[in-house]
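Enquirer: I am sharing upload.pdb, which consists of PDB, C-alpha atoms:
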```pdb
ATOM      1  CA  MET A 158     -11.767 135.538 154.046
ATOM      2  CA  ALA A 159     -15.438 136.396 154.640
ATOM      3  CA  PRO A 160     -17.129 138.330 151.828
ATOM      4  CA  LEU A 161     -17.621 142.027 152.452
ATOM      5  CA  LYS A 162     -21.084 143.108 153.541
ATOM      6  CA  THR A 163     -22.744 146.021 151.767
ATOM      7  CA  ILE A 164     -23.680 149.249 153.530
ATOM      8  CA  VAL A 165     -26.090 151.475 151.620
ATOM      9  CA  VAL A 166     -25.180 155.121 152.187
ATOM     10  CA  VAL A 167     -27.990 157.583 151.522
ATOM     11  CA  GLY A 168     -26.688 161.063 150.753
ATOM     12  CA  ALA A 169     -23.277 159.672 149.871
ATOM     13  CA  THR A 170     -22.340 162.800 147.925
ATOM     14  CA  GLY A 171     -23.338 165.041 150.840
ATOM     15  CA  ALA A 172     -21.836 165.915 154.206
ATOM     16  CA  GLN A 173     -22.768 163.096 156.568
ATOM     17  CA  GLY A 174     -23.111 160.332 153.991
ATOM     18  CA  GLY A 175     -19.915 161.358 152.262
ATOM     19  CA  GLY A 176     -18.073 161.185 155.572
ATOM     20  CA  LEU A 177     -19.309 157.639 156.185
ATOM     21  CA  ALA A 178     -18.553 156.486 152.634
ATOM     22  CA  ARG A 179     -14.986 157.811 152.848
ATOM     23  CA  ALA A 180     -14.483 156.339 156.329
ATOM     24  CA  ILE A 181     -15.251 152.881 154.962
ATOM     25  CA  LEU A 182     -13.446 153.311 151.653
ATOM     26  CA  HIS A 183     -10.257 154.622 153.284
ATOM     27  CA  ASP A 184     -10.051 151.706 155.744
ATOM     28  CA  PRO A 185      -8.125 148.829 154.091
ATOM     29  CA  ASP A 186      -9.464 146.472 156.774
ATOM     30  CA  ALA A 187     -13.101 147.508 156.453
ATOM     31  CA  PRO A 188     -15.543 144.587 156.685
ATOM     32  CA  PHE A 189     -17.958 146.496 154.447
ATOM     33  CA  ARG A 190     -18.280 147.700 150.901
ATOM     34  CA  VAL A 191     -20.070 150.955 150.054
ATOM     35  CA  ARG A 192     -23.168 151.281 147.919
ATOM     36  CA  ALA A 193     -23.396 155.036 147.420
ATOM     37  CA  LEU A 194     -26.872 156.337 146.623
ATOM     38  CA  THR A 195     -27.202 159.455 144.520
ATOM     39  CA  ARG A 196     -29.665 160.955 142.069
ATOM     40  CA  ASN A 197     -26.873 161.541 139.560
ATOM     41  CA  ALA A 198     -24.180 158.888 139.209
ATOM     42  CA  ARG A 199     -22.316 161.125 136.758
ATOM     43  CA  SER A 200     -21.804 163.996 139.177
ATOM     44  CA  GLU A 201     -18.234 164.901 140.128
ATOM     45  CA  LYS A 202     -18.709 163.743 143.736
ATOM     46  CA  ALA A 203     -20.305 160.448 142.679
ATOM     47  CA  GLU A 204     -17.497 159.715 140.243
ATOM     48  CA  ALA A 205     -14.939 160.487 142.958
ATOM     49  CA  LEU A 206     -16.550 157.877 145.215
ATOM     50  CA  ALA A 207     -16.567 155.376 142.354
ATOM     51  CA  ARG A 208     -12.834 155.921 141.870
ATOM     52  CA  LEU A 209     -12.328 155.100 145.562
ATOM     53  CA  GLY A 210     -14.150 151.809 145.059
ATOM     54  CA  ALA A 211     -17.785 152.570 145.866
ATOM     55  CA  GLU A 212     -20.659 151.001 143.973
ATOM     56  CA  VAL A 213     -22.613 154.059 142.846
ATOM     57  CA  VAL A 214     -26.348 153.530 142.407
ATOM     58  CA  GLU A 215     -28.951 156.038 141.300
ATOM     59  CA  ALA A 216     -32.013 156.312 143.565
ATOM     60  CA  ASP A 217     -34.427 159.020 144.643
ATOM     61  CA  LEU A 218     -35.755 159.412 148.187
ATOM     62  CA  ASP A 219     -39.104 160.421 146.730
ATOM     63  CA  ASP A 220     -39.297 157.151 144.762
ATOM     64  CA  ARG A 221     -39.908 154.233 147.132
ATOM     65  CA  GLU A 222     -39.438 151.597 144.436
ATOM     66  CA  SER A 223     -36.012 152.963 143.463
ATOM     67  CA  LEU A 224     -35.000 152.726 147.134
ATOM     68  CA  LYS A 225     -36.275 149.171 147.440
ATOM     69  CA  ARG A 226     -34.124 148.169 144.476
ATOM     70  CA  ALA A 227     -31.099 150.015 145.874
ATOM     71  CA  PHE A 228     -31.408 148.423 149.343
ATOM     72  CA  GLN A 229     -31.668 144.841 148.089
ATOM     73  CA  GLY A 230     -28.783 142.564 149.062
ATOM     74  CA  ALA A 231     -27.329 144.997 151.607
ATOM     75  CA  CYS A 232     -26.784 144.279 155.293
ATOM     76  CA  GLY A 233     -27.156 147.857 156.516
ATOM     77  CA  ALA A 234     -28.093 151.369 155.545
ATOM     78  CA  TYR A 235     -27.324 154.894 156.683
ATOM     79  CA  CYS A 236     -30.523 156.901 156.279
ATOM     80  CA  LEU A 237     -30.939 160.668 156.354
ATOM     81  CA  THR A 238     -32.924 163.523 154.846
ATOM     82  CA  ASN A 239     -31.802 166.997 153.772
ATOM     83  CA  PHE A 240     -34.324 169.644 154.837
ATOM     84  CA  TRP A 241     -32.249 172.489 153.383
ATOM     85  CA  GLU A 242     -32.641 171.096 149.884
ATOM     86  CA  HIS A 243     -36.404 171.764 149.838
ATOM     87  CA  PHE A 244     -37.408 173.385 153.187
ATOM     88  CA  SER A 245     -40.272 170.901 153.582
ATOM     89  CA  PRO A 246     -40.713 168.880 156.792
ATOM     90  CA  ASP A 247     -43.616 167.056 155.152
ATOM     91  CA  LYS A 248     -41.302 165.883 152.371
ATOM     92  CA  GLU A 249     -38.817 164.699 155.014
ATOM     93  CA  LEU A 250     -41.515 162.551 156.598
ATOM     94  CA  VAL A 251     -42.416 160.991 153.249
ATOM     95  CA  GLN A 252     -38.769 160.308 152.448
ATOM     96  CA  ALA A 253     -38.157 158.737 155.866
ATOM     97  CA  ALA A 254     -41.206 156.503 155.344
ATOM     98  CA  ASN A 255     -39.829 155.456 151.962
ATOM     99  CA  MET A 256     -36.451 154.536 153.462
ATOM    100  CA  ALA A 257     -38.045 152.612 156.323
ATOM    101  CA  ALA A 258     -40.185 150.668 153.850
ATOM    102  CA  ALA A 259     -37.147 149.877 151.699
ATOM    103  CA  ALA A 260     -35.166 148.745 154.755
ATOM    104  CA  ALA A 261     -37.996 146.451 155.835
ATOM    105  CA  ASP A 262     -38.412 145.068 152.326
ATOM    106  CA  ALA A 263     -34.679 144.271 152.128
ATOM    107  CA  GLY A 264     -34.583 142.706 155.606
ATOM    108  CA  LEU A 265     -31.610 144.820 156.658
ATOM    109  CA  GLU A 266     -29.608 143.772 159.712
ATOM    110  CA  HIS A 267     -28.805 147.313 160.871
ATOM    111  CA  VAL A 268     -30.130 150.769 160.035
ATOM    112  CA  ILE A 269     -28.730 154.060 161.285
ATOM    113  CA  TRP A 270     -31.304 156.856 161.159
ATOM    114  CA  SER A 271     -29.730 160.326 161.425
ATOM    115  CA  THR A 272     -32.244 162.181 163.528
ATOM    116  CA  LEU A 273     -32.780 165.180 165.806
ATOM    117  CA  GLU A 274     -35.083 166.096 168.661
ATOM    118  CA  ASP A 275     -38.776 166.782 168.129
ATOM    119  CA  THR A 276     -38.690 170.113 169.945
ATOM    120  CA  ARG A 277     -42.478 170.117 170.390
ATOM    121  CA  LYS A 278     -41.941 167.712 173.303
ATOM    122  CA  TRP A 279     -40.264 170.641 175.107
ATOM    123  CA  VAL A 280     -42.111 173.565 173.510
ATOM    124  CA  PRO A 281     -45.717 172.670 172.562
ATOM    125  CA  LEU A 282     -47.296 174.469 169.634
ATOM    126  CA  ASP A 283     -49.387 176.657 171.966
ATOM    127  CA  ASP A 284     -46.265 177.789 173.840
ATOM    128  CA  ASP A 285     -45.521 181.342 172.728
ATOM    129  CA  ARG A 286     -41.893 181.390 173.890
ATOM    130  CA  MET A 287     -41.039 180.893 170.233
ATOM    131  CA  PRO A 288     -43.253 181.259 167.155
ATOM    132  CA  THR A 289     -44.952 178.271 165.552
ATOM    133  CA  LEU A 290     -43.728 177.806 161.975
ATOM    134  CA  MET A 291     -45.531 176.236 159.021
ATOM    135  CA  GLU A 292     -48.549 175.829 161.358
ATOM    136  CA  ARG A 293     -47.289 172.547 162.846
ATOM    137  CA  TYR A 294     -43.664 172.972 163.892
ATOM    138  CA  LYS A 295     -41.396 174.889 166.226
ATOM    139  CA  VAL A 296     -38.081 173.898 164.617
ATOM    140  CA  PRO A 297     -39.171 172.324 161.317
ATOM    141  CA  HIS A 298     -35.826 170.773 160.369
ATOM    142  CA  PHE A 299     -35.600 169.149 163.815
ATOM    143  CA  ASP A 300     -39.221 168.231 164.463
ATOM    144  CA  ALA A 301     -39.877 166.214 161.310
ATOM    145  CA  LYS A 302     -36.781 164.075 161.865
ATOM    146  CA  GLY A 303     -37.767 163.411 165.466
ATOM    147  CA  GLU A 304     -41.326 162.619 164.407
ATOM    148  CA  ALA A 305     -39.964 160.194 161.799
ATOM    149  CA  ASP A 306     -38.258 158.056 164.477
ATOM    150  CA  ARG A 307     -41.508 156.119 164.867
ATOM    151  CA  LEU A 308     -41.481 155.201 161.186
ATOM    152  CA  PHE A 309     -38.448 153.007 161.920
ATOM    153  CA  SER A 310     -39.448 151.805 165.403
ATOM    154  CA  ASP A 311     -43.048 150.974 164.416
ATOM    155  CA  ARG A 312     -41.681 148.547 161.826
ATOM    156  CA  SER A 313     -39.399 146.997 164.467
ATOM    157  CA  LEU A 314     -36.425 147.760 162.239
ATOM    158  CA  PRO A 315     -33.010 147.121 163.856
ATOM    159  CA  THR A 316     -32.229 150.813 164.157
ATOM    160  CA  THR A 317     -29.657 152.984 165.885
ATOM    161  CA  PHE A 318     -30.925 156.557 166.217
ATOM    162  CA  LEU A 319     -27.989 158.941 165.720
ATOM    163  CA  LEU A 320     -28.282 162.442 167.168
ATOM    164  CA  THR A 321     -25.857 164.707 165.353
ATOM    165  CA  SER A 322     -24.608 168.157 166.370
ATOM    166  CA  PHE A 323     -24.053 171.556 164.782
ATOM    167  CA  TYR A 324     -21.771 171.135 161.759
ATOM    168  CA  TRP A 325     -18.638 173.245 162.065
ATOM    169  CA  GLU A 326     -18.792 173.266 158.247
ATOM    170  CA  ASN A 327     -21.716 175.684 158.674
ATOM    171  CA  PHE A 328     -19.036 178.338 159.158
ATOM    172  CA  ILE A 329     -17.859 177.550 155.599
ATOM    173  CA  HIS A 330     -20.937 176.707 153.536
ATOM    174  CA  PHE A 331     -24.026 177.943 155.369
ATOM    175  CA  GLY A 332     -23.201 181.588 155.921
ATOM    176  CA  LEU A 333     -22.890 181.322 159.697
ATOM    177  CA  GLY A 334     -19.199 182.223 159.900
ATOM    178  CA  PRO A 335     -17.756 185.490 161.202
ATOM    179  CA  LYS A 336     -18.890 188.673 159.459
ATOM    180  CA  ARG A 337     -16.976 191.943 159.392
ATOM    181  CA  GLY A 338     -18.790 194.829 161.069
ATOM    182  CA  PRO A 339     -18.719 198.548 160.191
ATOM    183  CA  ASP A 340     -15.674 198.890 162.454
ATOM    184  CA  GLY A 341     -13.830 196.232 160.429
ATOM    185  CA  VAL A 342     -13.822 193.705 163.260
ATOM    186  CA  LEU A 343     -15.088 190.171 162.671
ATOM    187  CA  ALA A 344     -18.040 188.996 164.757
ATOM    188  CA  LEU A 345     -19.643 185.587 165.285
ATOM    189  CA  THR A 346     -23.374 186.191 165.699
ATOM    190  CA  LEU A 347     -25.428 183.598 167.552
ATOM    191  CA  PRO A 348     -28.473 183.850 169.856
ATOM    192  CA  MET A 349     -26.968 181.469 172.417
ATOM    193  CA  GLY A 350     -26.141 183.646 175.427
ATOM    194  CA  ASP A 351     -23.533 181.803 177.479
ATOM    195  CA  ALA A 352     -25.011 178.372 176.692
ATOM    196  CA  LYS A 353     -22.843 175.708 175.091
ATOM    197  CA  LEU A 354     -23.319 174.570 171.486
ATOM    198  CA  PRO A 355     -22.384 170.941 170.739
ATOM    199  CA  GLY A 356     -20.506 170.890 167.446
ATOM    200  CA  ILE A 357     -18.671 168.414 165.239
ATOM    201  CA  GLY A 358     -16.983 168.116 161.851
ATOM    202  CA  CYS A 359     -18.941 166.285 159.146
ATOM    203  CA  GLU A 360     -16.160 163.784 158.493
ATOM    204  CA  ASP A 361     -16.311 162.843 162.177
ATOM    205  CA  ILE A 362     -20.059 162.217 161.937
ATOM    206  CA  GLY A 363     -19.281 159.711 159.192
ATOM    207  CA  ARG A 364     -16.487 158.110 161.191
ATOM    208  CA  CYS A 365     -18.776 157.769 164.217
ATOM    209  CA  ALA A 366     -21.440 156.142 162.034
ATOM    210  CA  TYR A 367     -18.797 153.740 160.756
ATOM    211  CA  GLY A 368     -17.929 152.946 164.367
ATOM    212  CA  ILE A 369     -21.585 152.149 165.057
ATOM    213  CA  PHE A 370     -21.757 149.738 162.128
ATOM    214  CA  ARG A 371     -18.510 148.105 163.241
ATOM    215  CA  ARG A 372     -20.030 147.490 166.672
ATOM    216  CA  GLY A 373     -22.534 145.150 165.033
ATOM    217  CA  GLY A 374     -25.779 144.849 166.936
ATOM    218  CA  ASP A 375     -24.540 146.391 170.191
ATOM    219  CA  LEU A 376     -26.210 149.739 169.557
ATOM    220  CA  ILE A 377     -29.423 148.574 167.875
ATOM    221  CA  GLY A 378     -32.409 150.094 169.630
ATOM    222  CA  ARG A 379     -30.306 152.828 171.194
ATOM    223  CA  THR A 380     -30.141 156.566 170.663
ATOM    224  CA  VAL A 381     -26.508 157.656 170.315
ATOM    225  CA  GLY A 382     -25.658 161.354 170.506
ATOM    226  CA  ILE A 383     -22.275 162.628 169.327
ATOM    227  CA  ALA A 384     -20.263 165.847 169.494
ATOM    228  CA  GLY A 385     -16.653 166.896 169.062
ATOM    229  CA  GLU A 386     -16.890 169.613 171.702
ATOM    230  CA  HIS A 387     -19.475 171.634 173.649
ATOM    231  CA  LEU A 388     -18.437 175.289 173.335
ATOM    232  CA  THR A 389     -19.972 178.651 174.185
ATOM    233  CA  GLY A 390     -20.142 181.368 171.561
ATOM    234  CA  ALA A 391     -17.322 183.173 173.363
ATOM    235  CA  GLN A 392     -15.169 180.032 173.298
ATOM    236  CA  MET A 393     -15.795 179.536 169.580
ATOM    237  CA  ALA A 394     -14.947 183.179 168.902
ATOM    238  CA  ALA A 395     -11.708 182.779 170.857
ATOM    239  CA  ALA A 396     -10.808 179.657 168.853
ATOM    240  CA  LEU A 397     -11.570 181.476 165.599
ATOM    241  CA  THR A 398      -9.388 184.366 166.756
ATOM    242  CA  ARG A 399      -6.463 182.005 167.335
ATOM    243  CA  ALA A 400      -6.976 180.219 164.010
ATOM    244  CA  LEU A 401      -7.565 183.263 161.808
ATOM    245  CA  GLY A 402      -4.923 185.469 163.392
ATOM    246  CA  GLU A 403      -7.296 188.379 163.948
ATOM    247  CA  GLU A 404      -9.926 189.240 166.518
ATOM    248  CA  VAL A 405     -13.325 187.566 166.282
ATOM    249  CA  ARG A 406     -15.883 188.883 168.740
ATOM    250  CA  TYR A 407     -18.884 186.947 169.969
ATOM    251  CA  ASN A 408     -22.039 188.901 169.125
ATOM    252  CA  ASP A 409     -24.836 187.498 171.272
ATOM    253  CA  VAL A 410     -28.229 188.623 169.961
ATOM    254  CA  PRO A 411     -31.798 187.842 171.058
ATOM    255  CA  ALA A 412     -33.427 184.950 169.217
ATOM    256  CA  GLU A 413     -36.068 187.262 167.760
ATOM    257  CA  VAL A 414     -33.322 189.381 166.194
ATOM    258  CA  PHE A 415     -31.735 186.295 164.617
ATOM    259  CA  ARG A 416     -35.142 185.138 163.326
ATOM    260  CA  GLY A 417     -35.487 188.506 161.595
ATOM    261  CA  LEU A 418     -32.157 188.443 159.724
ATOM    262  CA  GLY A 419     -34.015 187.672 156.518
ATOM    263  CA  PHE A 420     -32.032 184.838 154.964
ATOM    264  CA  PRO A 421     -33.898 181.634 153.982
ATOM    265  CA  GLY A 422     -34.505 179.556 157.103
ATOM    266  CA  ALA A 423     -33.588 182.338 159.564
ATOM    267  CA  ASP A 424     -36.794 181.795 161.551
ATOM    268  CA  ASP A 425     -36.163 178.036 161.737
ATOM    269  CA  LEU A 426     -32.538 178.529 162.830
ATOM    270  CA  GLY A 427     -33.506 181.244 165.313
ATOM    271  CA  ASN A 428     -35.935 178.835 166.951
ATOM    272  CA  MET A 429     -33.293 176.087 166.822
ATOM    273  CA  PHE A 430     -30.674 178.153 168.627
ATOM    274  CA  GLN A 431     -33.261 179.282 171.178
ATOM    275  CA  PHE A 432     -34.204 175.646 171.842
ATOM    276  CA  LYS A 433     -30.549 174.707 172.305
ATOM    277  CA  ARG A 434     -30.053 177.688 174.626
ATOM    278  CA  ASP A 435     -33.196 177.296 176.718
ATOM    279  CA  PHE A 436     -32.864 173.520 177.122
ATOM    280  CA  ASN A 437     -29.083 173.431 177.141
ATOM    281  CA  ASP A 438     -28.659 170.761 179.801
ATOM    282  CA  ASP A 439     -30.945 168.370 177.917
ATOM    283  CA  PHE A 440     -29.416 169.128 174.540
ATOM    284  CA  CYS A 441     -25.794 168.846 175.623
ATOM    285  CA  GLY A 442     -26.555 165.875 177.853
ATOM    286  CA  ALA A 443     -27.843 163.937 174.848
ATOM    287  CA  ARG A 444     -24.536 164.379 172.971
ATOM    288  CA  SER A 445     -21.524 162.652 174.473
ATOM    289  CA  ILE A 446     -17.984 163.594 173.467
ATOM    290  CA  ASP A 447     -16.685 160.455 175.211
ATOM    291  CA  GLU A 448     -19.045 158.163 173.294
ATOM    292  CA  ALA A 449     -18.152 159.874 170.025
ATOM    293  CA  ARG A 450     -14.448 159.347 170.734
ATOM    294  CA  ALA A 451     -15.023 155.695 171.652
ATOM    295  CA  LEU A 452     -16.672 155.198 168.251
ATOM    296  CA  ASN A 453     -14.120 157.369 166.447
ATOM    297  CA  PRO A 454     -10.710 157.646 168.160
ATOM    298  CA  SER A 455      -9.586 160.310 165.657
ATOM    299  CA  LEU A 456     -12.393 162.688 166.761
ATOM    300  CA  GLU A 457     -11.306 166.305 166.275
ATOM    301  CA  THR A 458     -11.655 169.253 168.625
ATOM    302  CA  PHE A 459     -12.753 172.600 167.216
ATOM    303  CA  ASP A 460      -9.136 173.838 167.304
ATOM    304  CA  GLN A 461      -7.995 170.794 165.327
ATOM    305  CA  TRP A 462     -10.821 171.216 162.827
ATOM    306  CA  LEU A 463      -9.937 174.901 162.418
ATOM    307  CA  ALA A 464      -6.277 174.097 161.837
ATOM    308  CA  ARG A 465      -7.327 172.143 158.737
ATOM    309  CA  ASN A 466     -10.179 174.358 157.557
ATOM    310  CA  ARG A 467      -9.442 177.970 158.523
ATOM    311  CA  GLY A 468      -8.540 178.877 154.947
ATOM    312  CA  ARG A 469     -11.954 177.723 153.747
ATOM    313  CA  ILE A 470     -13.962 180.053 156.000
ATOM    314  CA  PRO A 471     -15.128 183.058 153.944
ATOM    315  CA  LEU A 472     -14.507 186.352 155.736
ATOM    316  CA  GLU A 473     -16.893 189.081 154.635
TER     317      GLU A 473
END
```
Mind turning the file's structure into structure tokens?

Expert:
Amino acid sequence: MAPLKTIVVVGATGAQGGGLARAILHDPDAPFRVRALTRNARSEKAEALARLGAEVVEADLDDRESLKRAFQGACGAYCLTNFWEHFSPDKELVQAANMAAAAADAGLEHVIWSTLEDTRKWVPLDDDRMPTLMERYKVPHFDAKGEADRLFSDRSLPTTFLLTSFYWENFIHFGLGPKRGPDGVLALTLPMGDAKLPGIGCEDIGRCAYGIFRRGGDLIGRTVGIAGEHLTGAQMAAALTRALGEEVRYNDVPAEVFRGLGFPGADDLGNMFQFKRDFNDDFCGARSIDEARALNPSLETFDQWLARNRGRIPLE
């Protein structure tokens, strides 16, 4: 039997990375072993991965040398950044550069970079359809990831660029779920009009990434976009109504109203939803449900995801 190859999973205790780590660890026929990167190997989530059989290694995305050590001896790596941890696109660019350098130093056979569009290619900084944020960005948590693509391609790293979609877990953890209005009725508030929002469960992102690694070199050099479904706000509200057993209305608001809601990142998310709405054909067209299902035959629809997770959605 051939020895198992090592996949380094950045963010292994988070949403995407955790999904990939579990996808590998739960497959008894997996050709890979997991090296889970975390800043704290003694955290509850890190210890849970270790119990499943992962090699847990401490590393810091801000410390290039720690990444170089962690990447050594691996065949592949899943690389990502977490904007919402620090709200700094500049930090994302530095962290992506550190991962690309570590991947090159280790001579990896396959890197997956979890990326998003650089929206400035559609909406230049001098375009006043949406405000410019932080002086250099339209959608900071998108733009820096898209800008960082070149950090992998300029090094000629064997990279698959993975375009993810809206996490349905945002209805659980990020405060974007239905809220109860003064009339007592739940409402899902999004500035999307009747445009469709590609969405997916985090575990399915990990399973799709696992499918990419299993394909070997077939998808190196390609951009692969994934989604579980493309749904309008009204369709999501209808699905939530069925799952929760009470009415959920779709509350479509202008993007400028969403930007002014006052929670951290509201302006960034308002611009993001406006970009997805205004360039809906491009955004949806870049995210294939069929390709996601080919990589991950157990891909869930929103209804299926809700059947498992409806009790976790906080109703305020």

Enquirer: Find the residue from A:Leu418, A:Leu320, A:Ala394, A:Ala366 that sits nearest to A:Val166; use all atoms listed in the file when measuring.

Expert: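 Using all atoms listed in the file, A:Val166 sits closest to A:Ala366.
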
Enquirer: Report the closest atom pair, with its distance in Å rounded to one decimal, for each residue of stretch 294-399 of chain A that has an atom no farther than 7 Å from stretch 409-413 of chain A; count only C-alpha atoms, sort by chain and then rising residue number, and write it as CSV.

Expert:
```
residue,atom,partner,partner_atom,distance
A:Thr346,CA,A:Asp409,CA,5.9
A:Leu347,CA,A:Asp409,CA,5.4
A:Pro348,CA,A:Val410,CA,4.8
A:Met349,CA,A:Asp409,CA,6.5
A:Gly350,CA,A:Asp409,CA,5.8
```

Enquirer: When the PyMOL selection byres ((chain A and resi 460) around 9) is applied to the file above, which residues end up in the set, as a PDB file with C-alpha atoms, keeping the file's coordinate frame?

Expert:
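This is the output file part_9.pdb:
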```pdb
ATOM      1  CA  ALA A 396     -10.808 179.657 168.853  1.00  0.00           C
ATOM      2  CA  LEU A 397     -11.570 181.476 165.599  1.00  0.00           C
ATOM      3  CA  ARG A 399      -6.463 182.005 167.335  1.00  0.00           C
ATOM      4  CA  ALA A 400      -6.976 180.219 164.010  1.00  0.00           C
ATOM      5  CA  GLU A 457     -11.306 166.305 166.275  1.00  0.00           C
ATOM      6  CA  THR A 458     -11.655 169.253 168.625  1.00  0.00           C
ATOM      7  CA  PHE A 459     -12.753 172.600 167.216  1.00  0.00           C
ATOM      8  CA  GLN A 461      -7.995 170.794 165.327  1.00  0.00           C
ATOM      9  CA  TRP A 462     -10.821 171.216 162.827  1.00  0.00           C
ATOM     10  CA  LEU A 463      -9.937 174.901 162.418  1.00  0.00           C
ATOM     11  CA  ALA A 464      -6.277 174.097 161.837  1.00  0.00           C
ATOM     12  CA  ARG A 465      -7.327 172.143 158.737  1.00  0.00           C
TER      13      ARG A 465
END
```

Enquirer: Rounded to one decimal place, report the atom CA of A:Cys441-atom CA of A:Met287 distance in Å.

Expert: 20.2 Å

Enquirer: Rank A:Phe370, A:Phe328, A:Phe189, A:Phe323 by their smallest atom-to-atom distance to A:Gly356, using all atoms listed in the file, and report the top residue only.

Expert: A:Phe323

Enquirer: Ranking A:Leu452, A:Val167, A:Ala205, A:Asp217 by minimum distance to A:Ala193 and counting all atoms listed in the file, which one comes first?

Expert: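 That would be A:Val167, the residue with the smallest distance to A:Ala193.
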
Enquirer: Return as a ChimeraX atom specification the set of residues that the PyMOL selection byres ((chain A and resi 266) around 8) yields on the displayed structure.

Expert: /A:232-233,264-265,267-268,315
